[in-house]
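What follows is structure_0.txt (compact mmCIF, C-alpha atoms and all ligand atoms).
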# COMPACT_ATOMS: atom_id res chain seq x y z
CA MET A 980 221.76 -3.41 57.36
CA LEU A 981 218.85 -1.36 56.18
CA GLU A 982 217.01 0.83 58.54
CA GLY A 983 213.32 0.53 59.07
CA PRO A 984 211.11 3.10 57.39
CA LYS A 985 210.89 6.52 58.93
CA PHE A 986 207.64 8.32 58.72
CA ASP A 987 208.50 11.83 59.72
CA MET A 988 208.93 12.95 56.14
CA LEU A 989 205.41 14.09 55.49
CA ALA A 990 204.31 17.34 57.02
CA VAL A 991 200.76 16.83 58.06
CA GLY A 992 200.61 20.22 59.66
CA ASN A 993 199.64 21.02 63.17
CA HIS A 994 197.37 18.24 64.35
CA HIS A 995 195.54 20.45 66.80
CA ASN A 996 194.64 22.82 64.00
CA TYR A 997 193.57 19.87 61.88
CA ASP A 998 191.43 18.52 64.68
CA ALA A 999 189.73 21.90 64.89
CA PHE A 1000 189.10 21.81 61.13
CA THR A 1001 187.84 18.27 61.45
CA GLN A 1002 185.31 19.17 64.10
CA ASP A 1003 184.25 22.20 62.12
CA PHE A 1004 183.82 20.10 59.01
CA TYR A 1005 181.70 17.45 60.72
CA GLN A 1006 179.63 20.13 62.38
CA LYS A 1007 178.91 21.57 58.95
CA LEU A 1008 177.96 18.16 57.66
CA GLY A 1009 175.73 17.52 60.62
CA GLU A 1010 173.86 20.66 59.71
CA ASP A 1011 173.31 20.07 56.03
CA GLY A 1012 174.90 16.77 55.00
CA THR A 1013 174.05 13.15 55.29
CA ASN A 1014 176.32 10.99 57.35
CA MET A 1015 176.18 7.64 55.69
CA SER A 1016 178.13 4.52 56.48
CA MET A 1017 179.98 3.17 53.48
CA ASP A 1018 180.00 -0.35 54.87
CA SER A 1019 177.03 -1.29 52.77
CA MET A 1020 178.85 -0.38 49.59
CA GLN A 1021 179.95 -3.31 47.50
CA THR A 1022 183.62 -3.93 47.98
CA SER A 1023 185.94 -4.83 45.16
CA ASN A 1024 187.83 -7.11 47.44
CA ALA A 1025 186.43 -10.49 46.56
CA GLY A 1026 188.97 -12.37 48.60
CA GLY A 1027 188.24 -10.55 51.83
CA SER A 1028 191.11 -9.00 53.72
CA VAL A 1029 192.21 -10.20 57.10
CA SER A 1030 190.41 -7.42 58.84
CA MET A 1031 187.32 -8.16 56.78
CA SER A 1032 187.50 -11.80 57.80
CA VAL A 1033 187.52 -10.84 61.42
CA ASP A 1034 184.79 -8.27 61.11
CA ASN A 1035 182.71 -10.39 58.80
CA SER A 1036 180.01 -12.35 60.55
CA SER A 1037 180.18 -15.04 57.88
CA VAL A 1038 183.46 -16.17 59.34
CA GLY A 1039 182.44 -15.53 62.90
CA SER A 1040 181.97 -19.23 63.38
CA SER A 1041 185.64 -19.68 62.67
CA ASP A 1042 186.70 -18.20 65.99
CA ALA A 1043 187.51 -21.69 67.13
CA LEU A 1044 189.94 -21.95 64.26
CA ILE A 1045 191.62 -18.69 65.17
CA GLY A 1046 192.09 -20.05 68.66
CA HIS A 1047 193.82 -23.15 67.30
CA PRO A 1048 197.45 -23.53 68.41
CA GLY A 1049 198.63 -23.09 64.83
CA LEU A 1050 197.04 -19.68 64.48
CA LYS A 1051 197.55 -16.82 66.83
CA PRO A 1052 194.44 -14.83 67.67
CA MET A 1053 193.90 -11.62 65.76
CA ARG A 1054 194.18 -8.38 67.66
CA HIS A 1055 191.40 -5.93 67.72
CA PRO A 1056 191.23 -4.53 64.18
CA TYR A 1057 192.23 -1.10 65.38
CA SER A 1058 195.02 -2.14 67.69
CA LEU A 1059 198.45 -0.93 66.73
CA SER A 1060 201.24 -3.39 66.30
CA VAL A 1061 204.61 -2.99 67.93
CA GLY A 1062 208.21 -2.63 66.89
CA GLN A 1063 208.87 -1.86 63.27
CA SER A 1064 205.73 -3.33 61.88
CA VAL A 1065 203.32 -1.34 59.81
CA PHE A 1066 200.09 -0.29 61.39
CA ARG A 1067 197.11 -1.61 59.45
CA PRO A 1068 194.02 -0.12 60.97
CA GLY A 1069 191.42 -2.68 59.92
CA ARG A 1070 188.35 -1.93 57.83
CA VAL A 1071 187.54 1.72 58.22
CA THR A 1072 184.01 2.89 58.60
CA HIS A 1073 183.31 6.05 56.68
CA ALA A 1074 181.34 8.88 58.20
CA LEU A 1075 181.24 10.80 54.94
CA ASN A 1076 179.35 9.74 51.85
CA ASP A 1077 180.96 9.74 48.39
CA ASP A 1078 180.15 13.33 47.61
CA ALA A 1079 181.07 14.70 51.01
CA LEU A 1080 184.41 12.92 50.97
CA ALA A 1081 185.24 14.32 47.53
CA GLN A 1082 184.02 17.72 48.69
CA ALA A 1083 186.30 17.50 51.74
CA LEU A 1084 189.19 17.19 49.33
CA MET A 1085 188.19 19.89 46.88
CA ASP A 1086 186.88 22.53 49.31
CA SER A 1087 189.36 25.38 48.93
CA SER A 1088 188.37 26.94 52.25
CA TYR A 1089 190.33 24.17 53.97
CA PRO A 1090 194.12 24.26 53.72
CA THR A 1091 196.03 21.75 51.62
CA GLY A 1092 198.95 20.18 53.46
CA GLY A 1093 202.17 19.78 51.52
CA LEU A 1094 204.35 16.70 51.54
CA ALA A 1095 207.63 17.63 53.22
CA ASN A 1096 210.59 16.06 51.39
CA TYR A 1097 208.12 15.16 48.65
CA GLU A 1098 207.24 18.69 47.59
CA GLU A 1099 207.40 17.82 43.91
CA TRP A 1100 204.72 15.18 44.49
CA THR A 1101 202.17 17.52 46.07
CA ILE A 1102 199.27 17.69 43.65
CA ASP A 1103 197.75 20.96 42.54
CA LEU A 1104 194.05 20.56 43.30
CA ARG A 1105 193.16 23.10 40.60
CA LYS A 1106 194.29 20.56 38.00
CA LEU A 1107 192.31 17.72 39.56
CA HIS A 1108 188.79 16.87 38.40
CA MET A 1109 186.93 14.39 40.57
CA GLY A 1110 184.72 11.81 38.88
CA PRO A 1111 182.50 9.15 40.46
CA ALA A 1112 183.59 6.68 43.13
CA PHE A 1113 184.25 3.29 41.55
CA ALA A 1114 185.72 1.01 44.21
CA GLN A 1115 186.27 0.66 47.87
CA GLY A 1116 189.18 -1.14 49.48
CA ALA A 1117 189.50 -1.96 53.14
CA PHE A 1118 191.03 1.45 53.78
CA GLY A 1119 190.38 3.81 50.95
CA LYS A 1120 187.68 4.84 48.56
CA LEU A 1121 188.62 5.07 44.89
CA TYR A 1122 187.36 7.74 42.51
CA ARG A 1123 187.90 8.22 38.82
CA GLY A 1124 189.05 11.59 37.63
CA THR A 1125 191.55 13.51 35.56
CA TYR A 1126 194.72 15.32 36.52
CA ASN A 1127 196.08 17.74 33.96
CA GLY A 1128 193.81 16.02 31.44
CA GLU A 1129 195.14 12.51 32.17
CA ASP A 1130 192.82 9.74 33.44
CA VAL A 1131 193.65 9.03 37.06
CA ALA A 1132 192.51 7.00 40.06
CA ILE A 1133 192.10 9.06 43.21
CA LYS A 1134 192.31 7.19 46.50
CA LEU A 1135 190.82 9.03 49.46
CA LEU A 1136 191.53 7.94 52.99
CA GLU A 1137 189.13 9.54 55.43
CA ARG A 1138 190.61 10.83 58.65
CA PRO A 1139 188.73 8.89 61.36
CA GLU A 1140 186.64 11.14 63.52
CA ASN A 1141 187.34 11.29 67.27
CA SER A 1142 189.97 8.57 67.22
CA PRO A 1143 193.57 9.75 67.26
CA GLU A 1144 194.71 6.13 67.37
CA LYS A 1145 192.90 5.17 64.18
CA ALA A 1146 193.93 8.44 62.57
CA GLN A 1147 197.57 7.72 63.35
CA ALA A 1148 197.35 4.22 61.90
CA LEU A 1149 195.70 5.42 58.71
CA GLU A 1150 198.09 8.31 58.35
CA GLN A 1151 201.03 5.94 58.63
CA GLN A 1152 199.53 3.81 55.88
CA PHE A 1153 199.15 6.90 53.71
CA GLN A 1154 202.76 7.90 54.30
CA GLN A 1155 203.93 4.38 53.63
CA GLU A 1156 202.14 4.28 50.29
CA VAL A 1157 203.39 7.72 49.23
CA SER A 1158 207.02 7.01 50.11
CA MET A 1159 206.97 3.64 48.33
CA LEU A 1160 205.13 4.81 45.22
CA SER A 1161 207.33 7.86 44.76
CA PHE A 1162 210.38 5.62 44.87
CA LEU A 1163 209.24 2.82 42.58
CA LYS A 1164 209.24 3.44 38.83
CA HIS A 1165 208.65 0.41 36.65
CA PRO A 1166 206.31 -0.45 33.75
CA ASN A 1167 204.64 -3.09 35.95
CA ILE A 1168 204.07 -0.88 38.97
CA VAL A 1169 201.20 1.57 39.09
CA ARG A 1170 202.56 5.05 38.29
CA PHE A 1171 202.36 7.56 41.11
CA ILE A 1172 201.15 11.04 40.13
CA GLY A 1173 201.00 12.80 43.47
CA ALA A 1174 199.33 13.18 46.84
CA CYS A 1175 198.04 15.80 49.23
CA ILE A 1176 196.65 16.18 52.70
CA LYS A 1177 193.50 17.98 53.79
CA PRO A 1178 192.07 18.20 57.30
CA MET A 1179 189.57 15.41 56.66
CA VAL A 1180 191.17 13.36 53.93
CA TRP A 1181 194.44 12.05 52.63
CA CYS A 1182 194.58 11.73 48.88
CA ILE A 1183 196.78 9.60 46.60
CA VAL A 1184 196.60 10.00 42.82
CA THR A 1185 197.88 7.29 40.46
CA GLU A 1186 197.46 6.44 36.80
CA TYR A 1187 194.05 4.88 36.12
CA ALA A 1188 194.12 1.23 35.10
CA LYS A 1189 191.20 0.89 32.71
CA GLY A 1190 190.90 -2.90 32.91
CA GLY A 1191 190.27 -3.01 36.69
CA SER A 1192 191.87 -5.66 38.87
CA VAL A 1193 192.88 -9.17 37.82
CA ARG A 1194 190.35 -10.52 40.35
CA GLN A 1195 187.56 -8.52 38.68
CA PHE A 1196 188.76 -9.75 35.30
CA LEU A 1197 188.64 -13.38 36.47
CA THR A 1198 185.25 -12.91 38.09
CA LYS A 1199 183.88 -11.40 34.86
CA ARG A 1200 185.15 -14.45 33.00
CA GLN A 1201 183.09 -16.51 35.48
CA ASN A 1202 186.25 -18.15 36.69
CA ARG A 1203 187.07 -19.74 33.35
CA ALA A 1204 190.80 -20.27 32.83
CA VAL A 1205 192.62 -17.40 31.14
CA PRO A 1206 194.08 -18.38 27.71
CA LEU A 1207 197.48 -19.84 28.52
CA LYS A 1208 199.52 -17.33 26.53
CA LEU A 1209 197.80 -14.41 28.24
CA ALA A 1210 198.05 -16.01 31.69
CA VAL A 1211 201.80 -16.48 31.30
CA LYS A 1212 202.24 -12.95 29.96
CA GLN A 1213 200.33 -11.53 32.94
CA ALA A 1214 202.33 -13.70 35.36
CA LEU A 1215 205.55 -12.47 33.75
CA ASP A 1216 204.48 -8.85 34.20
CA VAL A 1217 203.85 -9.47 37.91
CA ALA A 1218 207.13 -11.36 38.36
CA ARG A 1219 209.12 -8.61 36.59
CA GLY A 1220 207.50 -5.90 38.72
CA MET A 1221 208.14 -7.89 41.88
CA ALA A 1222 211.76 -8.62 40.91
CA TYR A 1223 212.20 -4.83 40.72
CA VAL A 1224 210.50 -4.33 44.12
CA HIS A 1225 212.73 -6.97 45.75
CA GLU A 1226 215.90 -5.63 44.12
CA ARG A 1227 215.20 -2.46 46.05
CA ASN A 1228 214.85 -4.46 49.25
CA PHE A 1229 211.14 -3.86 49.66
CA ILE A 1230 208.49 -6.40 50.59
CA HIS A 1231 205.01 -5.81 49.18
CA ARG A 1232 203.27 -8.03 51.80
CA ASP A 1233 199.85 -7.85 50.19
CA LEU A 1234 200.31 -9.37 46.75
CA LYS A 1235 196.95 -10.68 45.55
CA SER A 1236 194.79 -10.50 42.44
CA ASP A 1237 192.81 -7.53 43.87
CA ASN A 1238 196.03 -5.53 43.87
CA LEU A 1239 197.04 -6.38 40.31
CA LEU A 1240 195.58 -3.92 37.85
CA ILE A 1241 195.13 -4.26 34.09
CA SER A 1242 196.07 -1.15 32.14
CA ALA A 1243 194.78 -0.04 28.74
CA ASP A 1244 197.71 -1.73 26.96
CA ARG A 1245 196.76 -4.95 28.85
CA SER A 1246 199.95 -4.97 30.90
CA ILE A 1247 199.72 -5.64 34.64
CA LYS A 1248 200.46 -2.95 37.19
CA ILE A 1249 201.13 -3.89 40.80
CA ALA A 1250 199.24 -1.58 43.19
CA ASP A 1251 198.52 -1.00 46.88
CA PHE A 1252 201.81 -0.35 48.60
CA GLY A 1253 200.04 0.74 51.79
CA VAL A 1254 201.59 -2.09 53.78
CA ALA A 1255 204.79 -2.55 51.81
CA ARG A 1256 207.97 -1.97 53.74
CA ILE A 1257 211.73 -1.98 53.62
CA GLU A 1258 213.14 -5.41 54.40
CA VAL A 1259 214.62 -5.51 57.88
CA GLN A 1260 215.01 -8.18 60.53
CA THR A 1261 211.41 -9.19 60.86
CA GLU A 1262 211.28 -10.54 64.41
CA GLY A 1263 208.22 -9.18 66.13
CA MET A 1264 206.38 -8.14 62.99
CA THR A 1265 202.72 -8.89 62.86
CA PRO A 1266 200.66 -10.26 60.01
CA GLU A 1267 197.57 -8.09 60.28
CA THR A 1268 198.13 -7.35 56.63
CA GLY A 1269 197.36 -8.89 53.31
CA THR A 1270 194.79 -11.52 52.81
CA TYR A 1271 194.77 -15.01 54.20
CA ARG A 1272 194.06 -16.76 50.88
CA TRP A 1273 197.33 -15.41 49.51
CA MET A 1274 199.29 -15.21 52.73
CA ALA A 1275 202.40 -17.28 53.46
CA PRO A 1276 202.11 -19.59 56.49
CA GLU A 1277 204.95 -17.91 58.39
CA MET A 1278 203.15 -14.58 58.10
CA ILE A 1279 199.81 -16.06 59.23
CA GLN A 1280 201.60 -17.52 62.24
CA HIS A 1281 203.32 -14.27 63.26
CA ARG A 1282 206.71 -15.86 62.65
CA PRO A 1283 209.65 -13.83 61.28
CA TYR A 1284 209.44 -13.52 57.53
CA THR A 1285 211.33 -12.23 54.52
CA GLN A 1286 210.68 -11.19 50.92
CA LYS A 1287 209.78 -14.82 50.28
CA VAL A 1288 206.25 -14.12 51.57
CA ASP A 1289 205.69 -12.27 48.28
CA VAL A 1290 206.96 -15.30 46.33
CA TYR A 1291 204.42 -17.49 48.16
CA SER A 1292 201.61 -15.05 47.25
CA PHE A 1293 202.82 -15.04 43.65
CA GLY A 1294 202.49 -18.86 43.52
CA ILE A 1295 198.83 -18.50 44.51
CA VAL A 1296 198.29 -15.72 41.93
CA LEU A 1297 199.87 -17.89 39.21
CA TRP A 1298 197.46 -20.71 40.12
CA GLU A 1299 194.57 -18.22 39.92
CA LEU A 1300 195.64 -17.08 36.46
CA ILE A 1301 196.02 -20.64 35.19
CA THR A 1302 192.73 -21.94 36.64
CA GLY A 1303 190.70 -18.70 36.66
CA GLN A 1304 189.42 -19.56 40.13
CA LEU A 1305 189.47 -17.98 43.58
CA PRO A 1306 191.97 -19.85 45.77
CA PHE A 1307 190.34 -22.05 48.43
CA GLN A 1308 186.94 -20.98 47.15
CA ASN A 1309 185.05 -23.53 49.24
CA MET A 1310 186.54 -22.17 52.44
CA THR A 1311 186.31 -18.92 54.35
CA ALA A 1312 189.55 -16.94 54.50
CA VAL A 1313 190.13 -18.11 58.07
CA GLN A 1314 189.50 -21.76 57.22
CA ALA A 1315 191.97 -21.40 54.35
CA ALA A 1316 194.58 -19.97 56.73
CA PHE A 1317 194.03 -22.87 59.12
CA ALA A 1318 194.32 -25.45 56.34
CA VAL A 1319 197.49 -23.85 54.93
CA VAL A 1320 199.24 -23.63 58.29
CA ASN A 1321 198.11 -26.77 60.06
CA ARG A 1322 197.47 -29.21 57.26
CA GLY A 1323 199.85 -27.94 54.59
CA VAL A 1324 196.91 -27.59 52.16
CA ARG A 1325 197.58 -25.82 48.86
CA PRO A 1326 195.45 -25.31 45.75
CA THR A 1327 195.31 -28.35 43.45
CA VAL A 1328 197.46 -28.03 40.36
CA PRO A 1329 195.25 -29.03 37.38
CA ALA A 1330 196.23 -32.30 35.71
CA ASP A 1331 196.58 -30.60 32.31
CA CYS A 1332 198.78 -27.77 33.63
CA LEU A 1333 202.01 -27.24 31.69
CA PRO A 1334 204.58 -29.07 33.91
CA VAL A 1335 206.93 -26.08 34.12
CA LEU A 1336 204.08 -23.87 35.40
CA GLY A 1337 202.99 -26.50 37.93
CA GLU A 1338 206.57 -26.68 39.11
CA ILE A 1339 206.86 -22.88 39.50
CA MET A 1340 203.71 -22.61 41.60
CA THR A 1341 204.55 -25.55 43.88
CA ARG A 1342 208.06 -24.22 44.46
CA CYS A 1343 206.71 -20.73 45.15
CA TRP A 1344 204.22 -21.91 47.77
CA ASP A 1345 206.61 -24.35 49.50
CA ALA A 1346 206.21 -24.23 53.30
CA ASN A 1347 209.95 -23.63 53.59
CA PRO A 1348 210.71 -20.05 52.42
CA GLU A 1349 214.30 -21.09 51.58
CA VAL A 1350 213.04 -23.47 48.92
CA ARG A 1351 210.99 -20.76 47.19
CA PRO A 1352 212.79 -19.25 44.19
CA CYS A 1353 213.61 -15.55 44.00
CA PHE A 1354 211.66 -13.45 41.47
CA ALA A 1355 214.64 -13.21 39.10
CA GLU A 1356 214.52 -17.01 38.78
CA VAL A 1357 210.72 -16.98 38.42
CA VAL A 1358 211.10 -14.53 35.52
CA ASN A 1359 213.60 -16.87 33.80
CA LEU A 1360 211.36 -19.90 34.29
CA LEU A 1361 208.30 -18.05 32.97
CA GLU A 1362 210.23 -16.77 29.95
CA ALA A 1363 211.19 -20.37 29.19
CA ALA A 1364 207.54 -21.40 29.58
CA GLU A 1365 206.47 -18.59 27.24
CA THR A 1366 208.94 -19.75 24.58
CA GLU A 1367 207.71 -23.35 24.96
CA ILE A 1368 204.09 -22.25 24.52
CA MET A 1369 204.92 -20.17 21.42
CA THR A 1370 206.94 -23.01 19.86
CA THR A 1371 204.18 -25.54 20.52
CA ALA A 1372 201.58 -23.18 19.05
CA ARG A 1373 203.71 -22.58 15.95
CA LYS A 1374 204.25 -26.32 15.47
CA ALA A 1375 200.50 -26.93 15.87
CA ARG A 1376 199.73 -24.25 13.27
CA PHE A 1377 202.31 -25.78 10.92
CA ARG A 1378 200.81 -29.28 11.37
CA CYS A 1379 197.38 -27.82 10.73
CA CYS A 1380 198.61 -26.21 7.44
CA MET A 1381 200.15 -29.52 6.36
CA THR A 1382 196.99 -31.55 6.93
CA GLN A 1383 194.73 -28.90 5.39
CA PRO A 1384 196.84 -27.37 2.58
CA MET A 1385 195.45 -24.29 0.90
CA THR A 1386 194.11 -25.14 -2.52
CA ILE A 1387 194.76 -23.01 -5.55
CA ASP A 1388 192.38 -23.78 -8.34
N1 LIG B 1 194.94 2.98 39.76
C1 LIG B 1 193.83 2.24 39.74
N2 LIG B 1 193.15 2.06 38.60
C2 LIG B 1 192.03 1.29 38.58
N3 LIG B 1 191.52 0.66 39.65
C3 LIG B 1 192.16 0.79 40.82
C4 LIG B 1 193.34 1.58 40.94
N4 LIG B 1 193.77 1.53 42.21
C5 LIG B 1 192.90 0.73 42.86
N5 LIG B 1 191.91 0.28 42.05
C6 LIG B 1 190.77 -0.58 42.41
O1 LIG B 1 190.37 -0.26 43.71
C7 LIG B 1 190.49 -1.40 44.59
C8 LIG B 1 190.94 -0.95 45.98
O2 LIG B 1 192.17 -0.22 45.88
P1 LIG B 1 193.35 -0.36 46.93
O3 LIG B 1 193.74 -1.82 47.01
O4 LIG B 1 194.44 0.58 46.59
O5 LIG B 1 192.63 0.10 48.26
P2 LIG B 1 192.87 -0.37 49.73
O6 LIG B 1 191.94 0.42 50.56
O7 LIG B 1 194.31 -0.32 50.06
O8 LIG B 1 192.34 -1.85 49.65
P3 LIG B 1 192.86 -3.28 50.11
O9 LIG B 1 193.88 -3.08 51.14
O10 LIG B 1 191.59 -3.93 50.55
O11 LIG B 1 193.45 -3.95 48.87
C9 LIG B 1 191.47 -2.34 43.87
O12 LIG B 1 191.23 -3.68 44.18
C10 LIG B 1 191.18 -2.04 42.40
O13 LIG B 1 190.10 -2.81 41.96

The structure given in the file should be rewritten as C-alpha cells.
Amino acid sequence: MLEGPKFDMLAVGNHHNYDAFTQDFYQKLGEDGTNMSMDSMQTSNAGGSVSMSVDNSSVGSSDALIGHPGLKPMRHPYSLSVGQSVFRPGRVTHALNDDALAQALMDSSYPTGGLANYEEWTIDLRKLHMGPAFAQGAFGKLYRGTYNGEDVAIKLLERPENSPEKAQALEQQFQQEVSMLSFLKHPNIVRFIGACIKPMVWCIVTEYAKGGSVRQFLTKRQNRAVPLKLAVKQALDVARGMAYVHERNFIHRDLKSDNLLISADRSIKIADFGVARIEVQTEGMTPETGTYRWMAPEMIQHRPYTQKVDVYSFGIVLWELITGQLPFQNMTAVQAAFAVVNRGVRPTVPADCLPVLGEIMTRCWDANPEVRPCFAEVVNLLEAAETEIMTTARKARFRCCMTQPMTID
C-alpha cells in the first residue's frame, strides 16, 4: 500500500529566524508601506471555493442547509484537519499589497530558502522578472513574469502574520504543490519551473497559460456553448491529463474549470495541485477542499473517497464545456451541495447533446463511485465521440457539395 505524503522534504530554514525576519519585514512596512487587504480584489474563482462559500455572506443564509443531516458542518476555515488529510487553510487575508508581496520575494537582503531534496527546482531569483498581478485564488496571488526569458506565472503565498497555525497550513499546501508538480510531467499538466522560499512568501513558478482558465473562457463567451469539436478536444485533454495523474496514484481533489488553463497552442493544462495527494485509505479525510459545484457527494459528506471523486468532477466539467454554463448557476455553492447530496440533483443534459457525451457525463457523476468509469475509459469514449463528430461533419460537407456543386463555366 502506498504511504501518505511526507512533508519533511522542503527545508524552510529555522522558523525562529524566519519569524524574526517576518516581524522585521512587517515593521518596515508599517513604517513606509501600505497594509492593504486583498479581499476586495476581484477573484478569478467564479465558482466560489468551499472556504469562500463559508466566508461569503451571500451564502450565510444557507447555514440551515449546512446543518442538515446530509451535510456535516464546516469547520472553522483555519482549523486543521486530522489524520492524513491535507490542510487547506481557507481564504487567506493578505496583509501585503501587490507590490509589497512581490518586493518581499525579490528583496535580496532577505535570505532565499532552498528546497531540500528538490535542489534542482530552486529558482534563481536573478533570472526572475516580476510583472503585474493578474489573478487571485483562495490561497495565492498570481503574477505574470519571465524566468530566463520565458513567460511564466508566479504564485505567491504570503506567510500569515502572527499565526503559526495558519502558516503551517499554508506551508503544507505549498509543499504539496511543489512535490506534486515536480513529479508530474505531461502535455496536459501545467509545467513546473521551480519554487523558492523567503521569510514572508512562498513562491511557485509555472509556465504561463496565455488563454487563462476554462471558466474565464466560458464567461467571456457569455456562457454560450463551446463549438462541439473544440469542447470534445478540451475534454479529451483534461481526461488524458487526469488518466496520467491517476496512473501515478494521485488524486487531484479540486478539478474544476478554474483550475483548467488554456495554453497558447489551445491545449488544456491542469493546474492547482495544492490539495492533490497520494491515494491512500481515505477514512477520516475531510472535504474542506475543492469546490462544492464540482465536488462528489461522498467528499461533501466527509465519507471515505477514492480517485473517483475526480471522475465526478470531470463529469461536471464536461457538462460545462458542452453547455457553456456554470453548474447549478441558480443556486449558491452550498445549496448545490445540499441538492447533490440529499436530492440526487445533477445538471440537466441538453436534449440535443450527442448521446455518447450525455452518457459519459451521467456515468461520471453517478452517486455510486463504483459505477463511474476510470479516466482511461473516458479517454476511449471521448476518442470515439471525436471520430463520430468528424465523420458526421465530413458527411455533411460532402452532402453540401453534392447539393451545391461548383460550377465551371
Ligand atoms: N500558470 C498559469 N497561467 C495562467 N493563469 C494561471 C496560471 N496558474 C493560475 N492561473 C490563474 O490564477 C487562478 C488562481 O490560481 P490557483 O488556482 O493556482 O490559485 P489558488 O490560490 O490555489 O486558487 P484556488 O484554490 O481558489 O483554485 C486560476 O484560476 C487561473 O485563472

- Message: When you count all atoms listed in the file, which of these residues is closest to ligand LIG 1 (chain B): A:Val1324, A:Leu1361, A:Ile1168, A:Cys1343?
- Response: A:Ile1168

- What is the atom CA of A:Ile1295-atom CA of A:Ala1214 distance in Å, reported with one decimal?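 Interatomic distance, atom CA of A:Ile1295 to atom CA of A:Ala1214: 10.9 Å.
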
- Message: ligand LIG 1 (chain B): which residues are within 7 Å, counting all atoms listed in the file? Reply as a list in words.
- Response: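 Listed by chain and ascending number, the contacts are Ser1023, Asn1024, Ser1028, Ala1114, Gln1115, Gly1116, Ala1117, Phe1118, Gly1119, Lys1120, Leu1121, Val1131, Ala1132, Lys1134, Val1169, Thr1185, Glu1186, Tyr1187, Ala1188, Lys1189, Gly1191, Ser1192, Asp1237, Asn1238, Leu1240, Ala1250, Asp1251 and Gly1253 of chain A.
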
- atom CA of A:Val1288 and atom CA of A:Ala1275 are how many Å apart?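 Taking atom CA of A:Val1288 and atom CA of A:Ala1275, their separation equals 5.3 Å.
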
- So, counting all atoms listed in the file, which residue among A:Gln1213, A:Gln1286, A:Ser1158, A:Asn1127 is closest to A:Asp1233?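 Going through A:Gln1213, A:Gln1286, A:Ser1158, A:Asn1127 one by one, the smallest distance to A:Asp1233 is for A:Gln1286.
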
- So which one's closest to A:Gln1201, A:Gly1303, A:Gly1220, A:Gly1173, A:Gly1092? Using all atoms listed in the file, please.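 Residue with the minimum atom-to-atom distance to A:Gln1201: A:Gly1303.
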
- Task: Excluding A:Ala1081 and any residue of its chain fewer than 6 positions from it, enumerate the residues within 9 Å of it, using all atoms listed in the file, and give them as a VMD selection string.
- Result: chain A and resid 1109 1112 1122 1135 1180

- Message: I'd like the contact shell of A:Val1320 - 10 Å cut-off, all atoms listed in the file, skipping same-chain residues fewer than 2 positions apart - returned as a PyMOL selection string.
- Response: chain A and resi 1049-1050+1275-1280+1314-1318+1322-1325+1346

- Query: Skipping near chain neighbours, those fewer than 2 positions away, what residues fall within 12 Å of A:Arg1105 using only C-alpha atoms, listed as a ChimeraX atom specification?
  - Reply: /A:1084-1087,1091,1101-1103,1107-1109,1125-1128

- Task: Using atom CA of A:Ile1183 and atom CA of A:Thr1270 as the two end points, give the distance in Å to one decimal.
- Result: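 Calculated distance between atom CA of A:Ile1183 and atom CA of A:Thr1270 is 22.1 Å.
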